[in-house]
Amino acid sequence: MAALWALRVAARQRPGLGPVGLRALWGDRSRKEEREVETDGAVPEKEERSQPSLMHPPPRRRSYVPPEDLQSCLESHVREVFGPSVPEDWQQAPLQEKRLKHRLLARLAAELGHAVPNSQLHRMHCARDVLGFYRTPVRDGTKIDELMATELPPNLKIIWQQ
């Protein structure tokens, strides 16, 4: 409050100062000076742009065909990760411990080349759920590609230009 009063008094005594002069009177920098100081200390934009900030992840939609020996492969990985604590029916092995769940899914993703997306991780409660996910084949194509491959009625035509 006292500082505000002092500014008003100084403005009355020196009418030609204006806001910039008052800031200078009190030892404050103008906004223009602050911008100059900020840009002097910053790294030039050209250097920042020359280095890639993030690598683009590979496209998520890739075709996947389950291997013939999927069940034996998954069983061996479950027995490796869980060790002696695997139940007799290995498909009932719970994935409640996050560390073990991550280790199992990471190994399967590396070996099979097909990872469980983040949106489906919460559905993996036991090894049976993982087996169900990896049994499902994935086709790399769009709905339009599928429609073009089917036999269409004579009055319907799809023209796809790339």
# chains A, B, ... in the order shown; residues from 1 in each chain; ligands from 1
$ residues_around --residues "A:Gly132" --least-positions-apart "3" --cutoff "12 Å" --atoms "only C-alpha atoms" --output "ChimeraX atom specification"
/A:66,70-71,74,91,116,120,123-129,135-137
$ atom_distance --atom1 "atom CA of A:Leu108" --atom2 "atom CA of A:Leu121"
13.6 Å
$ atom_distance --atom1 "atom CA of A:Tyr134" --atom2 "atom CA of A:Ala109"
9.7 Å
$ residues_around --residues "A:Leu104" --least-positions-apart "4" --cutoff "10 Å" --atoms "only C-alpha atoms" --output "VMD selection string"
chain A and resid 74 77 to 82 95 98 to 100 108 to 109 127 130
$ closest_residue --among "A:Leu147, A:Leu152, A:Ala2, A:Val65" --to "A:Gly113" --atoms "only C-alpha atoms"
A:Val65
